[in-house]
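Novice: Sharing a structure below in structure tokens format, with a few things to ask.
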Amino acid sequence: MALKYCQGPDCHTYYTQDRLKGIKGSKTYQTRRRSSLNYGEFCDTRCEHAWLSKYATQAVNHFGRLKEVKHLTEQNAWRKDYDYNWREGTTSNWRFVNKITKEQRPLTKQQYDDTNYTLNER
Ligand SMILES: [Zn+2]
């Protein structure tokens, strides 16, 4: 499997033993690489924050800047919920709950797990 490189712009500048690599006498601190990274594109939250500090404005401008207030209304306030039995470690009673009206509607486990299934208007 190909290794993924941490996208943190300063990953190679942090002095940790696992970053120090190479043959004896010419070791360098290097960008971390892993088969899978714990924080998406990054090895840790420090690298994630470093990337955000450097590129957040560019990313927001690229993907679309919010230019007006958004509102939570009855039409987009549906959230999925379930009951968890701590003693048995089981789940049940999957449901939609409207955070504005408090109305509840039952869900199947499959509908709960389906991230595309929503009652919210987009
Ligand atoms: Zn990193």
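Ordering of the structure tokens sets the chain letters (A, B, ...); residue numbers start at 1 within each chain; ligands are numbered from 1 in the order shown.
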Output the neighbourhood of ligand 1 as an MDAnalysis selection string, that is, all protein and nucleic acid residues with some atom at most 10 Å from the ligand, counting only C-alpha atoms and all ligand atoms.

Specialist: chainID A and resid 5:14 19 30:33 37 39 41:48 50:51

Novice: Please provide the set of residues having any atom within 12 Å of A:Arg122, restricted to only C-alpha atoms, with same-chain residues fewer than 2 positions apart removed, written as a PyMOL selection string.

Specialist: chain A and resi 70+72-73+75-78+116+118-120

Novice: Where in chain A does DSSP assign strand (DSSP E), given as a PyMOL selection string?

Specialist: chain A and resi 4-5+20-21+28-29+33-34+78-85+90-98+104-106

Novice: Just the helix (DSSP H, G or I) stuff from stretch 46-91 of chain A, please, per backbone DSSP, written as number ranges by chain.

Specialist: A: 46-63, 74-76

Novice: So, with only C-alpha atoms as the atoms that count, which of A:His71, A:Arg95, A:Lys54, A:Arg105 lies closest to A:Asp83?

Specialist: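 Under the stated criterion, the closest residue is A:Arg95.
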
Novice: Return the single residue from A:Lys4, A:Tyr112, A:Lys80, A:Thr57 that is closest to A:Asn98, with distances computed using only C-alpha atoms.

Specialist: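 Using only C-alpha atoms, A:Asn98 sits closest to A:Lys80.
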
Novice: Could you tell me which of A:Asp114, A:Thr16, A:Asn85, A:Arg79 comes closest to A:Thr101 if we count only C-alpha atoms?

Specialist: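 The answer is A:Arg79, which sits nearest to A:Thr101.
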
Novice: What is the atom CA of A:Leu107-atom CA of A:Trp94 distance in Å, reported with one decimal?

Specialist: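 Atom CA of A:Trp94 lies at a distance of 5.1 Å from atom CA of A:Leu107.
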